[in-house]
Amino acid sequence: MPAVARIDPKDIFTSEEWAPLAKRSSWRGLVLVAGAWGLIVAAGAMFVLWPNPLTYVLAVMLIGARQLGLAILMHDAAHGALHSNMAVNNWVGEWLCAAPVGARLASYRDYHLKHHRFTEQAEDPDLPLSAPFPITRKSFWRKVIRDLTGQTFFKQRGAQLFGNRKAGEIVNSSTAHFLLTNAILFAALAFAGYWWAYPALWLVPMATWLPLVTRLRNIAEHACVKAQEHPLTHARTTLANPIERLLIAPFWVHYHAEHHAFMHVPCYRLTKLHNALMDRGYWAQVKISPSYAAVLREAAPA
């Protein structure tokens, strides 16, 4: 099938309006990467200082969500939007974002751009993520249990080792960068006297909360969207609240309709892009859900 249609920004915005929306910063992406790692360290430190079941569960959720955040920043790097210098964009996207969570920027970029080119068409490599929906609530909860018990994680890591990557997974068949960055992380924690924090505060979030929030992200982006010809109908925007942005949808990933229509806009400018489109009356064409709970009520109704 032919590639999906694209919106020419000049059909909506003047040059003066569009330039600041599309501009790639030389520092904001780096601040986001540092912030993701900073919150990971802070969440781990919270449990170390106040060890109890509540702080541990909260730390796992915060770290797992920031692991997704690293994958989202890798996604920005795949679009060349993480840094204005492409060499810096690719290095940071690979070594500080992709590799620690088991991904590779180059292979993800090839895969993901095909998703953009053929969104919701037969050639879309992510179509299996949205095609089965709506599903039953029982089916959804079975998936949640698989995620939180580590079954999804071990299945994906097996795919990573044996080269059988499935749609929507951030891992791929190359393990060298993942093993290297994780070895450095383990060595740093061991040197600081907290070797146990690597399995307890890095691997456990990666094996439990990260698969779950990745699934929720995938459902919210394209499930039950009913894509039409207009590019703004190819994905859903979810109006995430602060808690959802903290624990489920970091770095403005919930503005997915806007991202699909203008895929090179940096994530930190998606709120302004969303507001600009709404001010121009495009709310009638965008699939908007008020929360992730609302998305799940639609995707798993009964």
# chains A, B, ... in the order shown; residues from 1 in each chain; ligands from 1
call {"tool": "closest_atom_pairs", "arguments": {"of": "segment 200-302 of chain A", "to": "segment 62-76 of chain A", "cutoff": "12 Å", "atoms": "only C-alpha atoms", "output": "tab-separated table"}}
result
residue	atom	partner	partner_atom	distance
A:Ala200	CA	A:Ile63	CA	10.9
A:Leu201	CA	A:Ile63	CA	7.5
A:Trp202	CA	A:Ile63	CA	7.3
A:Leu203	CA	A:Gly64	CA	9.2
A:Val204	CA	A:Gly64	CA	8.4
A:Pro205	CA	A:Gly64	CA	4.6
A:Met206	CA	A:Gly64	CA	5.8
A:Ala207	CA	A:Gly64	CA	8.6
A:Thr208	CA	A:Gly64	CA	7.7
A:Trp209	CA	A:Gly64	CA	5.1
A:Leu210	CA	A:Gly64	CA	4.6
A:Pro211	CA	A:Gly64	CA	8.4
A:Leu212	CA	A:Gly64	CA	9.1
A:Val213	CA	A:Ala65	CA	6.9
A:Thr214	CA	A:Leu68	CA	6.8
A:Arg215	CA	A:Leu68	CA	10.6
A:Leu216	CA	A:Leu68	CA	11.1
A:Arg217	CA	A:Leu68	CA	9.5
A:Asn218	CA	A:Leu68	CA	11.7
A:Ile243	CA	A:Leu62	CA	10.6
A:Glu244	CA	A:Ala65	CA	9.9
A:Arg245	CA	A:Ala65	CA	9.0
A:Leu246	CA	A:Ala65	CA	7.2
A:Leu247	CA	A:Ala65	CA	5.4
A:Ile248	CA	A:Ala65	CA	5.9
A:Ala249	CA	A:Ala65	CA	7.4
A:Pro250	CA	A:Gly69	CA	5.6
A:Phe251	CA	A:Gly69	CA	6.5
A:Trp252	CA	A:Ile72	CA	9.1
A:Val253	CA	A:Ile72	CA	7.2
A:His254	CA	A:Ile72	CA	10.8
A:His256	CA	A:Ile72	CA	11.6
A:His259	CA	A:Asp76	CA	10.1
A:Met263	CA	A:Asp76	CA	9.0
A:His264	CA	A:Asp76	CA	8.1
A:Val265	CA	A:Asp76	CA	8.7
A:Pro266	CA	A:Asp76	CA	6.6
A:Cys267	CA	A:Asp76	CA	6.8
A:Tyr268	CA	A:Asp76	CA	9.9
A:Arg269	CA	A:Asp76	CA	11.6
A:Leu270	CA	A:Asp76	CA	11.7
call {"tool": "write_last_selection", "arguments": {"atoms": "N, CA and C atoms", "output": "tab-separated table (two decimals), in the first residue's frame"}}
result
chain	number	residue	atom	x	y	z
A	200	ALA	N	17.94	-5.53	42.52
A	200	ALA	CA	16.71	-5.13	43.21
A	200	ALA	C	16.11	-3.85	42.67
A	201	LEU	N	16.97	-2.91	42.21
A	201	LEU	CA	16.48	-1.58	41.84
A	201	LEU	C	16.73	-1.24	40.37
A	202	TRP	N	17.24	-2.18	39.61
A	202	TRP	CA	17.37	-1.97	38.17
A	202	TRP	C	16.71	-3.10	37.39
A	203	LEU	N	17.08	-4.35	37.71
A	203	LEU	CA	16.51	-5.47	36.97
A	203	LEU	C	15.05	-5.73	37.33
A	204	VAL	N	14.69	-5.63	38.60
A	204	VAL	CA	13.28	-5.86	38.96
A	204	VAL	C	12.36	-4.84	38.30
A	205	PRO	N	12.65	-3.54	38.32
A	205	PRO	CA	11.79	-2.62	37.56
A	205	PRO	C	11.75	-2.94	36.07
A	206	MET	N	12.90	-3.34	35.50
A	206	MET	CA	12.95	-3.68	34.09
A	206	MET	C	12.13	-4.93	33.77
A	207	ALA	N	12.02	-5.82	34.74
A	207	ALA	CA	11.31	-7.08	34.52
A	207	ALA	C	9.83	-7.00	34.85
A	208	THR	N	9.39	-5.91	35.50
A	208	THR	CA	8.00	-5.84	35.96
A	208	THR	C	7.28	-4.57	35.49
A	209	TRP	N	7.67	-3.44	36.06
A	209	TRP	CA	6.93	-2.21	35.74
A	209	TRP	C	7.18	-1.72	34.31
A	210	LEU	N	8.39	-1.87	33.82
A	210	LEU	CA	8.69	-1.44	32.45
A	210	LEU	C	7.84	-2.17	31.41
A	211	PRO	N	7.72	-3.50	31.45
A	211	PRO	CA	6.84	-4.16	30.47
A	211	PRO	C	5.39	-3.70	30.57
A	212	LEU	N	4.92	-3.47	31.80
A	212	LEU	CA	3.52	-3.04	31.96
A	212	LEU	C	3.30	-1.66	31.37
A	213	VAL	N	4.14	-0.69	31.73
A	213	VAL	CA	3.89	0.66	31.22
A	213	VAL	C	4.18	0.75	29.72
A	214	THR	N	5.07	-0.09	29.22
A	214	THR	CA	5.27	-0.16	27.76
A	214	THR	C	4.00	-0.65	27.09
A	215	ARG	N	3.36	-1.65	27.68
A	215	ARG	CA	2.10	-2.14	27.13
A	215	ARG	C	1.03	-1.06	27.16
A	216	LEU	N	0.90	-0.36	28.29
A	216	LEU	CA	-0.10	0.70	28.40
A	216	LEU	C	0.15	1.80	27.38
A	217	ARG	N	1.42	2.13	27.18
A	217	ARG	CA	1.77	3.12	26.17
A	217	ARG	C	1.33	2.66	24.79
A	218	ASN	N	1.64	1.41	24.45
A	218	ASN	CA	1.30	0.89	23.12
A	218	ASN	C	-0.21	0.88	22.90
A	243	ILE	N	0.23	12.33	37.86
A	243	ILE	CA	0.62	11.00	38.34
A	243	ILE	C	0.85	10.05	37.18
A	244	GLU	N	0.00	10.12	36.15
A	244	GLU	CA	0.21	9.28	34.97
A	244	GLU	C	1.51	9.64	34.26
A	245	ARG	N	1.81	10.93	34.21
A	245	ARG	CA	3.07	11.33	33.57
A	245	ARG	C	4.28	10.88	34.38
A	246	LEU	N	4.13	10.79	35.69
A	246	LEU	CA	5.22	10.35	36.54
A	246	LEU	C	5.44	8.85	36.46
A	247	LEU	N	4.36	8.07	36.43
A	247	LEU	CA	4.46	6.62	36.59
A	247	LEU	C	4.17	5.82	35.33
A	248	ILE	N	3.59	6.44	34.30
A	248	ILE	CA	3.20	5.70	33.10
A	248	ILE	C	3.72	6.33	31.82
A	249	ALA	N	3.60	7.64	31.70
A	249	ALA	CA	3.82	8.29	30.39
A	249	ALA	C	4.76	9.48	30.50
A	250	PRO	N	6.05	9.24	30.67
A	250	PRO	CA	7.00	10.35	30.80
A	250	PRO	C	7.29	11.04	29.47
A	251	PHE	N	7.83	12.23	29.57
A	251	PHE	CA	8.38	12.96	28.43
A	251	PHE	C	7.38	13.16	27.29
A	252	TRP	N	6.15	13.52	27.67
A	252	TRP	CA	5.12	13.95	26.71
A	252	TRP	C	4.77	12.88	25.68
A	253	VAL	N	5.01	11.62	26.00
A	253	VAL	CA	4.71	10.55	25.05
A	253	VAL	C	3.21	10.43	24.80
A	254	HIS	N	2.40	11.00	25.68
A	254	HIS	CA	0.94	10.88	25.53
A	254	HIS	C	0.41	11.74	24.39
A	256	HIS	N	0.57	11.55	21.22
A	256	HIS	CA	1.03	10.70	20.13
A	256	HIS	C	0.41	11.08	18.79
A	259	HIS	N	2.59	13.77	17.51
A	259	HIS	CA	3.87	13.22	17.07
A	259	HIS	C	3.75	12.56	15.71
A	263	MET	N	6.39	14.26	13.00
A	263	MET	CA	7.22	13.32	13.75
A	263	MET	C	8.60	13.85	14.09
A	264	HIS	N	9.03	14.96	13.53
A	264	HIS	CA	10.35	15.48	13.85
A	264	HIS	C	10.34	16.58	14.91
A	265	VAL	N	9.16	16.89	15.43
A	265	VAL	CA	9.08	17.88	16.51
A	265	VAL	C	9.60	17.25	17.80
A	266	PRO	N	10.54	17.89	18.49
A	266	PRO	CA	11.08	17.31	19.74
A	266	PRO	C	9.98	17.11	20.78
A	267	CYS	N	10.16	16.10	21.62
A	267	CYS	CA	9.12	15.76	22.59
A	267	CYS	C	8.82	16.93	23.52
A	268	TYR	N	9.83	17.75	23.84
A	268	TYR	CA	9.60	18.84	24.79
A	268	TYR	C	8.83	20.00	24.18
A	269	ARG	N	8.49	19.92	22.90
A	269	ARG	CA	7.66	20.95	22.27
A	269	ARG	C	6.26	20.43	21.91
A	270	LEU	N	5.95	19.20	22.29
A	270	LEU	CA	4.66	18.63	21.89
A	270	LEU	C	3.48	19.29	22.60
call {"tool": "closest_residue", "arguments": {"among": "A:Trp50, A:Phe178, A:Ala22, A:Ile135", "to": "Ala103 of chain A", "atoms": "only C-alpha atoms"}}
result
A:Phe178
call {"tool": "select_by_dssp", "arguments": {"residues": "segment 7-94 of chain A", "states": "helix (DSSP H, G or I)", "output": "NGL selection string"}}
result
:A and (9-11 or 15-22 or 28-49 or 53-78 or 86-94)
call {"tool": "write_last_selection", "arguments": {"atoms": "C-alpha atoms", "output": "short mmCIF file (atom, residue, chain, number, x, y, z; two decimals), in the first residue's frame"}}
result
data_model
loop_
_atom_site.label_atom_id
_atom_site.label_comp_id
_atom_site.auth_asym_id
_atom_site.auth_seq_id
_atom_site.Cartn_x
_atom_site.Cartn_y
_atom_site.Cartn_z
CA PRO A 9 3.30 22.44 8.43
CA LYS A 10 2.97 25.40 6.05
CA ASP A 11 -0.70 24.46 5.56
CA SER A 15 7.03 30.17 9.06
CA GLU A 16 7.37 32.30 12.20
CA GLU A 17 4.97 30.04 14.12
CA TRP A 18 6.49 26.77 12.93
CA ALA A 19 10.18 27.55 13.43
CA PRO A 20 10.14 27.49 17.26
CA LEU A 21 8.03 24.31 17.29
CA ALA A 22 10.44 22.41 15.05
CA ARG A 28 17.11 20.48 26.45
CA GLY A 29 17.37 16.87 25.33
CA LEU A 30 20.52 16.43 27.40
CA VAL A 31 18.72 17.85 30.43
CA LEU A 32 15.91 15.32 29.93
CA VAL A 33 18.38 12.43 29.77
CA ALA A 34 20.13 13.69 32.90
CA GLY A 35 16.76 14.12 34.59
CA ALA A 36 15.74 10.54 33.79
CA TRP A 37 18.93 9.17 35.31
CA GLY A 38 18.67 11.60 38.22
CA LEU A 39 15.19 10.34 39.11
CA ILE A 40 16.40 6.74 38.83
CA VAL A 41 19.19 7.48 41.31
CA ALA A 42 16.86 9.45 43.60
CA ALA A 43 14.26 6.67 43.65
CA GLY A 44 16.92 4.11 44.49
CA ALA A 45 18.34 6.36 47.19
CA MET A 46 14.86 6.76 48.68
CA PHE A 47 14.66 3.02 49.28
CA VAL A 48 18.24 2.81 50.57
CA LEU A 49 17.55 5.57 53.11
CA PRO A 53 7.77 -2.28 51.31
CA LEU A 54 6.10 1.01 50.38
CA THR A 55 9.29 2.80 49.36
CA TYR A 56 10.45 -0.28 47.47
CA VAL A 57 7.26 -0.55 45.41
CA LEU A 58 7.36 3.18 44.72
CA ALA A 59 11.03 2.97 43.71
CA VAL A 60 10.29 0.10 41.31
CA MET A 61 7.47 2.08 39.71
CA LEU A 62 9.51 5.27 39.41
CA ILE A 63 12.58 3.51 38.02
CA GLY A 64 10.55 1.37 35.61
CA ALA A 65 8.80 4.48 34.31
CA ARG A 66 12.14 6.25 33.80
CA GLN A 67 13.47 3.17 32.00
CA LEU A 68 10.54 3.70 29.65
CA GLY A 69 11.56 7.36 29.64
CA LEU A 70 15.01 6.39 28.38
CA ALA A 71 13.34 4.41 25.59
CA ILE A 72 11.19 7.44 24.75
CA LEU A 73 14.27 9.66 24.56
CA MET A 74 15.87 7.01 22.33
CA HIS A 75 12.73 7.36 20.20
CA ASP A 76 13.36 11.11 19.94
CA ALA A 77 16.96 10.38 18.96
CA ALA A 78 15.69 8.01 16.26
CA MET A 86 23.44 14.55 14.90
CA ALA A 87 26.65 12.97 16.22
CA VAL A 88 25.71 13.96 19.78
CA ASN A 89 22.11 12.94 19.13
CA ASN A 90 23.17 9.45 18.06
CA TRP A 91 25.79 8.91 20.78
CA VAL A 92 23.52 9.98 23.62
CA GLY A 93 20.56 8.14 22.11
CA GLU A 94 22.58 4.92 21.85
#
call {"tool": "atom_distance", "arguments": {"atom1": "atom CA of Lys287 of chain A", "atom2": "atom CA of Val225 of chain A"}}
result
6.7 Å
call {"tool": "atom_distance", "arguments": {"atom1": "atom CA of Ala276 of chain A", "atom2": "atom CA of Ala294 of chain A"}}
result
24.0 Å
call {"tool": "atom_distance", "arguments": {"atom1": "atom CA of Glu229 of chain A", "atom2": "atom CA of Ala106 of chain A"}}
result
29.4 Å
call {"tool": "residues_around", "arguments": {"residues": "Ala235 of chain A", "least_positions_apart": "5", "cutoff": "9 Å", "atoms": "only C-alpha atoms", "output": "tab-separated table (two decimals) with C-alpha atoms, in the first residue's frame"}}
result
chain	number	residue	atom	x	y	z
A	119	THR	CA	0.87	3.54	10.16
A	220	ALA	CA	-2.97	4.18	24.26
A	221	GLU	CA	-1.13	5.12	21.10
A	222	HIS	CA	-3.05	3.15	18.46
A	223	ALA	CA	-5.62	0.71	19.89
A	225	VAL	CA	-8.18	4.61	16.99
A	226	LYS	CA	-9.92	3.82	13.67
A	227	ALA	CA	-7.37	5.61	11.54
A	255	TYR	CA	0.80	13.46	22.70
A	256	HIS	CA	1.03	10.70	20.13
A	257	ALA	CA	-1.39	12.05	17.52
A	258	GLU	CA	0.67	15.24	17.32
A	259	HIS	CA	3.87	13.22	17.07
A	260	HIS	CA	2.57	11.13	14.19
A	261	ALA	CA	1.44	14.19	12.27
A	286	VAL	CA	-7.74	14.14	16.86
A	287	LYS	CA	-8.68	11.05	18.87
call {"tool": "closest_residue", "arguments": {"among": "A:Pro242, A:Gly80, A:Pro134, A:Pro128", "to": "Leu113 of chain A", "atoms": "only C-alpha atoms"}}
result
A:Gly80
call {"tool": "closest_residue", "arguments": {"among": "A:Tyr282, A:Phe262, A:Arg24, A:Leu179", "to": "Asp8 of chain A", "atoms": "only C-alpha atoms"}}
result
A:Phe262
call {"tool": "residues_around", "arguments": {"residues": "Phe154 of chain A", "least_positions_apart": "2", "cutoff": "12 Å", "atoms": "only C-alpha atoms", "output": "VMD selection string"}}
result
chain A and resid 146 to 152 156 to 161 171 203 to 204 206 to 208 211
call {"tool": "select_by_dssp", "arguments": {"residues": "segment 155-256 of chain A", "states": "strand (DSSP E or B)", "output": "list in words"}}
result
Arg236, Thr237, Thr238 and Tyr255 of chain A
